[in-house]
$ cat target_4.cif   # mmCIF, C-alpha atoms
data_input
loop_
_atom_site.label_atom_id
_atom_site.label_comp_id
_atom_site.auth_asym_id
_atom_site.auth_seq_id
_atom_site.Cartn_x
_atom_site.Cartn_y
_atom_site.Cartn_z
CA MET A 19 87.24 -69.28 61.78
CA PRO A 20 84.40 -71.57 62.96
CA LEU A 21 83.30 -68.82 65.34
CA ILE A 22 83.14 -66.30 62.50
CA ASN A 23 81.10 -68.64 60.34
CA LYS A 24 78.80 -69.42 63.23
CA ALA A 25 78.20 -65.75 63.91
CA ARG A 26 77.43 -65.08 60.27
CA SER A 27 74.99 -67.98 60.06
CA HIS A 28 72.65 -66.20 62.49
CA SER A 29 72.71 -62.90 60.59
CA ALA A 30 71.12 -63.68 57.23
CA VAL A 31 69.17 -60.91 55.51
CA ARG A 32 65.52 -61.73 56.13
CA GLY A 33 63.42 -59.05 54.49
CA PRO A 34 63.08 -55.63 52.83
CA ASP A 35 63.92 -53.78 56.06
CA ASP A 36 67.25 -55.57 56.31
CA LEU A 37 68.00 -54.77 52.68
CA THR A 38 67.16 -51.11 53.28
CA ARG A 39 69.48 -50.96 56.28
CA LEU A 40 72.24 -52.62 54.30
CA ARG A 41 71.77 -50.19 51.44
CA GLY A 42 72.06 -47.26 53.83
CA ALA A 43 75.20 -48.67 55.45
CA ILE A 44 76.93 -49.37 52.13
CA THR A 45 75.96 -45.93 50.86
CA ALA A 46 77.56 -44.42 53.96
CA PHE A 47 80.86 -46.14 53.20
CA PHE A 48 80.82 -44.87 49.61
CA ALA A 49 80.19 -41.32 50.81
CA LEU A 50 82.89 -41.66 53.47
CA ASP A 51 85.42 -42.84 50.90
CA GLY A 52 84.83 -39.82 48.68
CA PHE A 53 84.75 -37.44 51.66
CA VAL A 54 88.05 -38.61 53.17
CA PHE A 55 89.92 -38.77 49.87
CA ALA A 56 88.80 -35.27 48.82
CA GLY A 57 89.70 -33.92 52.25
CA TRP A 58 93.24 -35.23 51.80
CA VAL A 59 93.57 -33.89 48.24
CA VAL A 60 92.80 -30.28 49.17
CA ARG A 61 95.61 -30.31 51.76
CA ILE A 62 98.30 -31.51 49.35
CA PRO A 63 99.72 -27.97 48.85
CA ALA A 64 100.09 -27.51 52.61
CA ILE A 65 101.72 -30.92 53.00
CA LYS A 66 104.13 -30.06 50.18
CA GLU A 67 105.18 -26.92 52.01
CA GLN A 68 105.53 -28.78 55.30
CA THR A 69 107.76 -31.49 53.85
CA GLY A 70 109.79 -29.07 51.73
CA ALA A 71 109.40 -31.40 48.76
CA SER A 72 110.10 -30.25 45.23
CA VAL A 73 107.43 -30.68 42.60
CA SER A 74 109.11 -33.79 41.21
CA ALA A 75 109.66 -35.27 44.69
CA LEU A 76 106.03 -34.62 45.58
CA GLY A 77 104.94 -36.32 42.37
CA LEU A 78 106.92 -39.41 43.27
CA ALA A 79 105.51 -39.38 46.81
CA LEU A 80 101.97 -39.13 45.48
CA LEU A 81 102.58 -42.28 43.46
CA GLY A 82 102.46 -44.04 46.83
CA VAL A 83 98.67 -43.68 46.82
CA SER A 84 98.42 -45.25 43.39
CA ALA A 85 100.91 -48.02 44.13
CA GLY A 86 99.23 -48.93 47.40
CA ALA A 87 95.79 -48.99 45.79
CA VAL A 88 96.75 -51.12 42.80
CA ILE A 89 98.70 -53.60 44.92
CA THR A 90 95.86 -54.00 47.41
CA MET A 91 92.92 -54.26 45.04
CA THR A 92 93.65 -57.78 43.82
CA LEU A 93 94.46 -58.96 47.34
CA THR A 94 91.21 -57.47 48.65
CA GLY A 95 89.20 -59.49 46.13
CA ARG A 96 90.69 -62.65 47.60
CA LEU A 97 90.04 -61.48 51.16
CA CYS A 98 86.40 -60.79 50.31
CA ARG A 99 86.01 -64.29 48.93
CA ARG A 100 87.58 -65.74 52.07
CA PHE A 101 86.05 -63.62 54.84
CA GLY A 102 83.14 -61.84 53.14
CA SER A 103 82.90 -58.32 51.75
CA HIS A 104 81.19 -56.86 54.83
CA PRO A 105 83.94 -57.39 57.43
CA VAL A 106 86.63 -56.46 54.89
CA THR A 107 84.79 -53.20 54.17
CA VAL A 108 84.70 -52.36 57.88
CA VAL A 109 88.39 -53.14 58.41
CA CYS A 110 89.37 -51.06 55.37
CA GLY A 111 87.16 -48.22 56.61
CA ILE A 112 89.07 -48.18 59.90
CA LEU A 113 92.43 -48.25 58.10
CA LEU A 114 91.36 -45.46 55.75
CA ALA A 115 90.28 -43.25 58.66
CA LEU A 116 93.48 -43.86 60.60
CA SER A 117 95.88 -43.53 57.67
CA VAL A 118 94.55 -40.16 56.46
CA ALA A 119 95.96 -38.58 59.63
CA LEU A 120 99.52 -39.74 58.84
CA PRO A 121 100.69 -37.32 56.07
CA PRO A 122 100.91 -34.22 58.34
CA LEU A 123 103.25 -36.18 60.64
CA THR A 124 105.89 -36.51 57.91
CA HIS A 125 108.74 -34.08 57.22
CA SER A 126 110.30 -35.50 54.06
CA ALA A 127 109.13 -36.66 50.66
CA VAL A 128 110.33 -40.20 51.38
CA ALA A 129 108.36 -40.45 54.62
CA LEU A 130 105.32 -38.95 52.88
CA GLY A 131 105.54 -41.55 50.12
CA LEU A 132 105.65 -44.38 52.67
CA VAL A 133 102.58 -43.23 54.60
CA LEU A 134 100.73 -42.59 51.34
CA LEU A 135 101.46 -46.19 50.40
CA VAL A 136 99.47 -47.19 53.51
CA PHE A 137 96.73 -44.69 52.74
CA GLY A 138 96.53 -45.91 49.14
CA ALA A 139 96.31 -49.52 50.30
CA ALA A 140 93.34 -48.68 52.52
CA TYR A 141 91.73 -46.63 49.74
CA GLY A 142 92.10 -49.39 47.17
CA GLY A 143 90.92 -52.03 49.62
CA ILE A 144 87.73 -50.25 50.63
CA ASN A 145 86.87 -49.54 46.99
CA VAL A 146 86.95 -53.23 46.10
CA ALA A 147 85.24 -54.39 49.31
CA MET A 148 82.36 -51.92 49.28
CA ASN A 149 81.76 -52.41 45.54
CA SER A 150 81.63 -56.17 46.16
CA ALA A 151 79.09 -55.62 48.93
CA ALA A 152 77.10 -53.36 46.61
CA VAL A 153 77.08 -55.98 43.83
CA ASP A 154 75.59 -58.54 46.22
CA LEU A 155 72.91 -56.08 47.29
CA VAL A 156 72.06 -55.08 43.70
CA ALA A 157 71.49 -58.76 42.86
CA ALA A 158 69.27 -59.24 45.92
CA LEU A 159 67.21 -56.10 45.23
CA ARG A 160 66.78 -56.99 41.56
CA ARG A 161 67.07 -53.29 40.79
CA PRO A 162 69.99 -51.53 39.07
CA VAL A 163 70.85 -49.30 42.03
CA MET A 164 74.64 -49.44 41.59
CA PRO A 165 74.86 -45.84 40.31
CA SER A 166 73.30 -44.56 43.54
CA PHE A 167 76.28 -45.82 45.53
CA HIS A 168 78.70 -44.07 43.20
CA ALA A 169 76.56 -40.92 43.43
CA ALA A 170 77.16 -41.04 47.19
CA PHE A 171 80.91 -41.28 46.52
CA SER A 172 80.79 -38.25 44.22
CA LEU A 173 78.66 -36.28 46.67
CA GLY A 174 80.97 -37.16 49.54
CA GLY A 175 83.91 -35.97 47.47
CA MET A 176 82.25 -32.66 46.69
CA ILE A 177 81.39 -32.09 50.34
CA GLY A 178 84.88 -33.11 51.47
CA ALA A 179 86.54 -30.77 48.98
CA GLY A 180 84.18 -27.90 49.81
CA LEU A 181 84.63 -28.20 53.56
CA GLY A 182 88.37 -28.65 53.11
CA ALA A 183 88.59 -25.41 51.15
CA LEU A 184 86.60 -23.60 53.84
CA VAL A 185 88.75 -24.74 56.76
CA ALA A 186 92.11 -24.61 54.96
CA GLY A 187 92.77 -21.09 56.18
CA SER A 188 91.84 -21.73 59.81
CA LEU A 189 92.87 -25.32 60.52
CA SER A 190 96.32 -26.82 60.18
CA PRO A 191 96.61 -29.96 58.04
CA THR A 192 97.21 -31.95 61.22
CA ARG A 193 93.95 -30.85 62.85
CA HIS A 194 91.95 -31.05 59.65
CA LEU A 195 93.03 -34.58 58.74
CA LEU A 196 92.72 -35.70 62.36
CA ALA A 197 89.12 -34.46 62.24
CA LEU A 198 88.64 -36.64 59.15
CA THR A 199 89.96 -39.58 61.18
CA VAL A 200 87.40 -38.98 63.91
CA ILE A 201 84.56 -38.61 61.41
CA GLY A 202 85.72 -41.71 59.54
CA LEU A 203 85.85 -43.84 62.68
CA LEU A 204 82.40 -42.65 63.78
CA VAL A 205 80.82 -43.41 60.40
CA THR A 206 82.57 -46.78 60.27
CA ALA A 207 81.35 -47.64 63.76
CA LEU A 208 77.74 -46.76 62.93
CA ALA A 209 77.52 -48.17 59.40
CA GLY A 210 79.87 -51.06 60.14
CA ARG A 211 77.61 -52.33 62.88
CA THR A 212 74.92 -52.99 60.27
CA LEU A 213 77.34 -54.68 57.88
CA LEU A 214 78.79 -56.93 60.57
CA SER A 215 75.37 -57.98 61.79
CA HIS A 216 74.31 -59.25 58.36
CA GLU A 217 75.97 -61.51 55.85
CA PRO A 218 75.83 -60.48 52.18
CA PRO A 219 72.32 -61.17 50.84
CA ALA A 220 71.66 -63.94 48.34
CA PRO A 221 69.69 -63.18 45.17
CA PRO A 222 66.07 -64.39 45.54
CA GLU A 223 66.47 -67.13 42.96
CA ARG A 224 69.53 -68.64 44.58
CA GLY A 225 70.12 -70.63 47.72
CA GLN A 226 70.79 -69.04 51.06
CA SER A 227 74.16 -70.56 51.91
CA HIS A 228 77.37 -68.70 51.17
CA GLU A 229 78.70 -71.66 49.22
CA GLU A 230 75.66 -71.78 46.92
CA ARG A 231 76.09 -68.11 46.11
CA ALA A 232 79.75 -68.40 45.17
CA PRO A 233 80.43 -66.78 41.79
CA ARG A 234 81.43 -68.90 38.86
CA ARG A 235 85.05 -69.90 38.41
CA LEU A 236 87.21 -67.56 36.37
CA ASP A 237 87.42 -69.70 33.25
CA ALA A 238 88.89 -68.21 30.09
CA ARG A 239 85.58 -66.83 28.81
CA THR A 240 84.56 -65.31 32.13
CA ARG A 241 87.97 -63.79 32.69
CA GLY A 242 87.86 -62.33 29.18
CA LEU A 243 84.48 -60.71 29.81
CA VAL A 244 85.65 -59.33 33.16
CA PHE A 245 88.67 -57.76 31.47
CA VAL A 246 86.41 -56.27 28.81
CA PHE A 247 84.24 -54.62 31.46
CA GLY A 248 87.43 -53.49 33.19
CA LEU A 249 88.47 -51.86 29.93
CA ILE A 250 85.17 -49.98 29.86
CA ALA A 251 85.90 -48.78 33.42
CA LEU A 252 89.39 -47.72 32.31
CA CYS A 253 87.97 -45.59 29.50
CA THR A 254 85.69 -43.81 31.98
CA ALA A 255 88.32 -43.26 34.66
CA TYR A 256 90.77 -41.95 32.05
CA GLY A 257 88.39 -39.08 31.41
CA GLU A 258 87.95 -38.36 35.12
CA GLY A 259 91.69 -38.20 35.70
CA ALA A 260 92.27 -36.07 32.62
CA LEU A 261 89.65 -33.48 33.54
CA ALA A 262 90.73 -33.37 37.18
CA ASP A 263 94.33 -32.55 36.29
CA TRP A 264 94.08 -30.69 32.99
CA GLY A 265 90.60 -29.17 32.75
CA ALA A 266 91.38 -25.98 34.69
CA LEU A 267 94.67 -25.46 32.84
CA HIS A 268 92.89 -25.80 29.49
CA LEU A 269 90.34 -23.15 30.46
CA GLU A 270 92.93 -20.73 31.82
CA GLN A 271 95.75 -21.28 29.32
CA ASP A 272 93.89 -21.90 26.06
CA LEU A 273 90.68 -19.92 26.61
CA ARG A 274 92.07 -17.17 28.87
CA ALA A 275 89.53 -17.83 31.62
CA HIS A 276 89.83 -16.13 35.00
CA PRO A 277 91.48 -18.49 37.53
CA GLY A 278 88.27 -18.65 39.56
CA VAL A 279 86.24 -19.60 36.50
CA ALA A 280 88.89 -22.09 35.43
CA ALA A 281 88.75 -23.75 38.84
CA ALA A 282 85.00 -24.20 38.37
CA GLY A 283 85.57 -26.40 35.34
CA TYR A 284 86.09 -29.61 37.26
CA SER A 285 83.27 -28.64 39.64
CA CYS A 286 80.88 -28.51 36.67
CA PHE A 287 82.07 -31.93 35.58
CA ALA A 288 81.83 -33.43 39.09
CA LEU A 289 78.40 -31.93 39.77
CA ALA A 290 77.04 -33.22 36.47
CA MET A 291 78.47 -36.67 37.24
CA THR A 292 76.83 -36.66 40.66
CA ILE A 293 73.46 -35.68 39.17
CA GLY A 294 73.82 -38.32 36.45
CA ARG A 295 74.56 -41.04 38.99
CA ALA A 296 71.68 -39.95 41.21
CA GLY A 297 69.34 -40.61 38.30
CA GLY A 298 71.24 -43.67 37.13
CA THR A 299 68.86 -46.26 38.57
CA THR A 300 65.89 -44.75 36.73
CA LEU A 301 67.94 -44.53 33.56
CA LEU A 302 68.99 -48.18 33.78
CA GLU A 303 65.43 -49.33 34.49
CA ARG A 304 64.15 -47.50 31.43
CA LEU A 305 66.99 -48.07 28.96
CA GLY A 306 68.82 -51.14 30.25
CA ARG A 307 72.56 -51.62 30.64
CA THR A 308 73.58 -51.69 27.00
CA ARG A 309 71.72 -48.53 25.97
CA THR A 310 73.00 -46.77 29.08
CA LEU A 311 76.59 -47.70 28.26
CA VAL A 312 76.30 -46.82 24.59
CA GLY A 313 74.33 -43.64 25.18
CA GLY A 314 76.62 -42.55 28.00
CA GLY A 315 79.75 -43.12 25.94
CA ALA A 316 78.33 -41.25 22.95
CA THR A 317 77.19 -38.36 25.17
CA ALA A 318 80.59 -38.13 26.86
CA ALA A 319 82.39 -38.22 23.50
CA THR A 320 80.23 -35.36 22.19
CA GLY A 321 80.62 -33.34 25.38
CA MET A 322 84.39 -33.70 25.51
CA LEU A 323 84.74 -32.76 21.86
CA LEU A 324 82.91 -29.54 22.70
CA GLY A 325 84.89 -29.03 25.91
CA ALA A 326 88.25 -29.50 24.19
CA LEU A 327 87.66 -27.56 20.98
CA ALA A 328 85.09 -24.90 21.94
CA PRO A 329 86.25 -21.31 21.24
CA SER A 330 84.65 -19.86 24.39
CA VAL A 331 84.89 -20.58 28.12
CA TRP A 332 81.17 -21.07 28.66
CA ALA A 333 80.86 -23.50 25.77
CA ALA A 334 83.79 -25.47 27.21
CA LEU A 335 82.13 -25.53 30.65
CA LEU A 336 78.96 -26.83 29.04
CA GLY A 337 81.04 -29.49 27.33
CA PHE A 338 82.59 -30.52 30.66
CA ALA A 339 79.12 -30.85 32.19
CA ILE A 340 77.85 -32.95 29.27
CA THR A 341 80.92 -35.17 29.62
CA GLY A 342 80.16 -35.68 33.31
CA LEU A 343 76.59 -36.69 32.55
CA GLY A 344 77.77 -39.14 29.90
CA LEU A 345 80.49 -40.80 31.97
CA ALA A 346 78.43 -40.89 35.17
CA ASN A 347 77.00 -44.38 34.96
CA ILE A 348 79.52 -46.22 32.79
CA PHE A 349 81.95 -47.09 35.59
CA PRO A 350 79.23 -48.32 38.03
CA VAL A 351 77.63 -50.51 35.35
CA ALA A 352 80.99 -51.95 34.28
CA VAL A 353 81.99 -52.82 37.85
CA GLU A 354 78.57 -54.29 38.62
CA ARG A 355 78.66 -56.51 35.54
CA ALA A 356 82.17 -57.69 36.34
CA GLY A 357 81.10 -58.44 39.91
CA SER A 358 78.01 -60.31 38.72
CA LEU A 359 80.22 -62.49 36.58
CA ALA A 360 83.05 -63.22 39.00
CA GLY A 361 82.19 -61.86 42.44
CA PRO A 362 84.87 -59.94 44.39
CA SER A 363 87.55 -61.12 41.97
CA GLY A 364 85.65 -59.51 39.11
CA VAL A 365 85.22 -56.29 41.07
CA ALA A 366 88.94 -56.31 41.89
CA ILE A 367 89.99 -56.77 38.26
CA ALA A 368 87.60 -54.12 36.90
CA SER A 369 88.47 -51.67 39.68
CA THR A 370 92.19 -52.14 39.15
CA LEU A 371 91.87 -51.52 35.43
CA GLY A 372 89.61 -48.53 36.09
CA TYR A 373 92.05 -47.06 38.58
CA GLY A 374 94.81 -47.67 36.05
CA GLY A 375 92.87 -45.50 33.62
CA MET A 376 92.74 -42.69 36.15
CA LEU A 377 96.52 -42.97 36.54
CA LEU A 378 97.10 -43.20 32.79
CA GLY A 379 95.01 -40.16 31.86
CA PRO A 380 96.99 -37.24 33.31
CA PRO A 381 100.47 -38.25 32.08
CA ALA A 382 99.13 -39.36 28.69
CA ILE A 383 97.44 -35.99 28.25
CA GLY A 384 100.69 -34.27 29.25
CA PHE A 385 102.78 -36.12 26.66
CA MET A 386 100.23 -35.52 23.91
CA ALA A 387 100.00 -31.85 24.86
CA ASP A 388 103.76 -31.54 24.37
CA TRP A 389 103.58 -33.23 20.98
CA PHE A 390 100.46 -31.45 19.71
CA SER A 391 98.46 -29.10 21.96
CA LEU A 392 96.38 -29.46 25.10
CA PRO A 393 93.01 -29.13 23.29
CA VAL A 394 94.03 -31.87 20.85
CA ALA A 395 95.30 -34.02 23.72
CA LEU A 396 91.96 -33.71 25.52
CA THR A 397 90.18 -35.17 22.49
CA SER A 398 91.69 -38.52 23.55
CA VAL A 399 88.96 -38.52 26.20
CA THR A 400 86.47 -38.33 23.33
CA ALA A 401 88.13 -41.29 21.61
CA LEU A 402 88.08 -43.48 24.72
CA ALA A 403 84.48 -42.56 25.56
CA ALA A 404 83.49 -43.59 22.04
CA LEU A 405 85.49 -46.81 22.50
CA ALA A 406 83.57 -47.54 25.72
CA ALA A 407 80.32 -47.10 23.80
CA LEU A 408 81.47 -49.52 21.10
CA ILE A 409 82.60 -52.11 23.64
CA GLY A 410 79.34 -51.74 25.53
CA PHE A 411 77.42 -52.45 22.34
CA GLY A 412 79.69 -55.37 21.54
CA THR A 413 79.04 -57.02 24.92
CA ARG A 414 75.26 -56.63 24.76
CA ARG A 415 74.77 -60.40 24.56
CA ALA A 416 77.19 -61.23 27.37
CA ALA A 417 75.47 -63.36 30.00
CA VAL A 418 75.60 -62.01 33.50
CA SER A 419 74.63 -64.47 36.20
#
$ encode --input "target_4.cif" --output "structure tokens"
Amino acid sequence: MPLINKARSHSAVRGPDDLTRLRGAITAFFALDGFVFAGWVVRIPAIKEQTGASVSALGLALLGVSAGAVITMTLTGRLCRRFGSHPVTVVCGILLALSVALPPLTHSAVALGLVLLVFGAAYGGINVAMNSAAVDLVAALRRPVMPSFHAAFSLGGMIGAGLGALVAGSLSPTRHLLALTVIGLLVTALAGRTLLSHEPPAPPERGQSHEERAPRRLDARTRGLVFVFGLIALCTAYGEGALADWGALHLEQDLRAHPGVAAAGYSCFALAMTIGRAGGTTLLERLGRTRTLVGGGATAATGMLLGALAPSVWAALLGFAITGLGLANIFPVAVERAGSLAGPSGVAIASTLGYGGMLLGPPAIGFMADWFSLPVALTSVTALAALAALIGFGTRRAAVS
């Protein structure tokens, strides 16, 4: 450990050029995360066929990703506090790249679930670590650039899904996911070199030592605020999960859309979210955090109400796009505020709650669809987006330091 601390003491961020390089490296990890995860998702049907799993068995196996992520997120927050977010990000990047190649090697639902537990652990770990690194950089830059990192994640996911769809007919899952491993290791080697050569930057107004920059202790008030911001993240992620799993079915089943048009529903949502996050920094600089949260929640609530209850396909697609624009910057702002309050532990708590929302959305929509109807069930996204807006307004006076 003394050797690690000694090495880090000679790698402090010294100027704007170092901050720019760090921003590029962290952005690369966000894009890689989205790219690898999307590449895996598009091969799920082929993996199902290979393992011979039933629908229910596959569903249980896929829970391995969720279980691994949730279990690891809290642990990763502690590792970041102990070793620093930069080396933990690099290690998780390596594990993510290696573990994505494991699913095609399985031939049963049980084996698939076990390797997805490893993949989920790496996925959850890198999400907490890279968001922690991003929070440090946002504080040092004194600019609200957090949405730009999440825009890179969304863009990486769109590229990963698009390329995956293109090569699905020509490459086996084994070769495709192995290619993702190679790409992941290359990106980690290049971007990780920058992260490992610099310690997380200190905000200009604070001291330069790691100890002086330690976040405040999680007293009752701080922990309460962190959980509140985690709840905001949950409301956002609930909508993402719901639209990912139920949006296409709503368009095809309730509005009689062509399957190709129905499949474009989530693409409209994801593209709008990417565009919204790309402009998130400008939005935050002009409106501030509270107005961005409140306005985003209100916009998403309006958009989802249109998307769920519109009588035509094109109006529903417009609603999906408006929802994506509204939700785009809520999750990044919530995670950044939690991280500003409590460091990696805050990021871990908010991320875990947010990921829980993504897990909660699809089954909750399914149960409500059975009780009422799918359009009515989708209005729960409207309710939670409105709740996020109300919470954002209620926390407008919360001190973030």
$ residues_near_point --input "target_4.cif" --point "(80.2, -44.2, 41.6)" --cutoff "9 Å" --atoms "only C-alpha atoms" --output "list in words"
Phe48, Met164, Pro165, Ser166, Phe167, His168, Ala169, Ala170, Phe171, Ser172, Met291, Thr292, Arg295, Ala346, Asn347, Phe349 and Pro350 of chain A
$ residues_around --input "target_4.cif" --residues "Met386 of chain A" --least-positions-apart "5" --cutoff "9 Å" --atoms "all atoms listed in the file" --output "list in words"
Pro381, Ser391, Leu392, Val394, Ala395 and Leu396 of chain A
$ resolve_selection --input "target_4.cif" --expression "the PyMOL selection byres ((chain A and resi 284) around 12)" --output "number ranges by chain"
A: 176, 179, 257-269, 278-283, 285-291, 325, 334-342
$ residues_around --input "target_4.cif" --residues "Thr413 of chain A" --least-positions-apart "4" --cutoff "9 Å" --atoms "all atoms listed in the file" --output "ChimeraX atom specification"
/A:243,246-247,308,408-409,417
$ resolve_selection --input "target_4.cif" --expression "the PyMOL selection byres ((chain A and resi 134) around 8)" --output "MDAnalysis selection string"
chainID A and resid 79:80 82:83 86 121 130:133 135:138
$ residues_around --input "target_4.cif" --residues "Asp35 of chain A" --least-positions-apart "5" --cutoff "12 Å" --atoms "all atoms listed in the file" --output "PyMOL selection string"
chain A and resi 40-42+159+212+216
$ residues_around --input "target_4.cif" --residues "Gly242 of chain A" --least-positions-apart "3" --cutoff "12 Å" --atoms "only C-alpha atoms" --output "VMD selection string"
chain A and resid 236 to 239 245 to 249 356 359 to 360 364 367 to 368 413 416
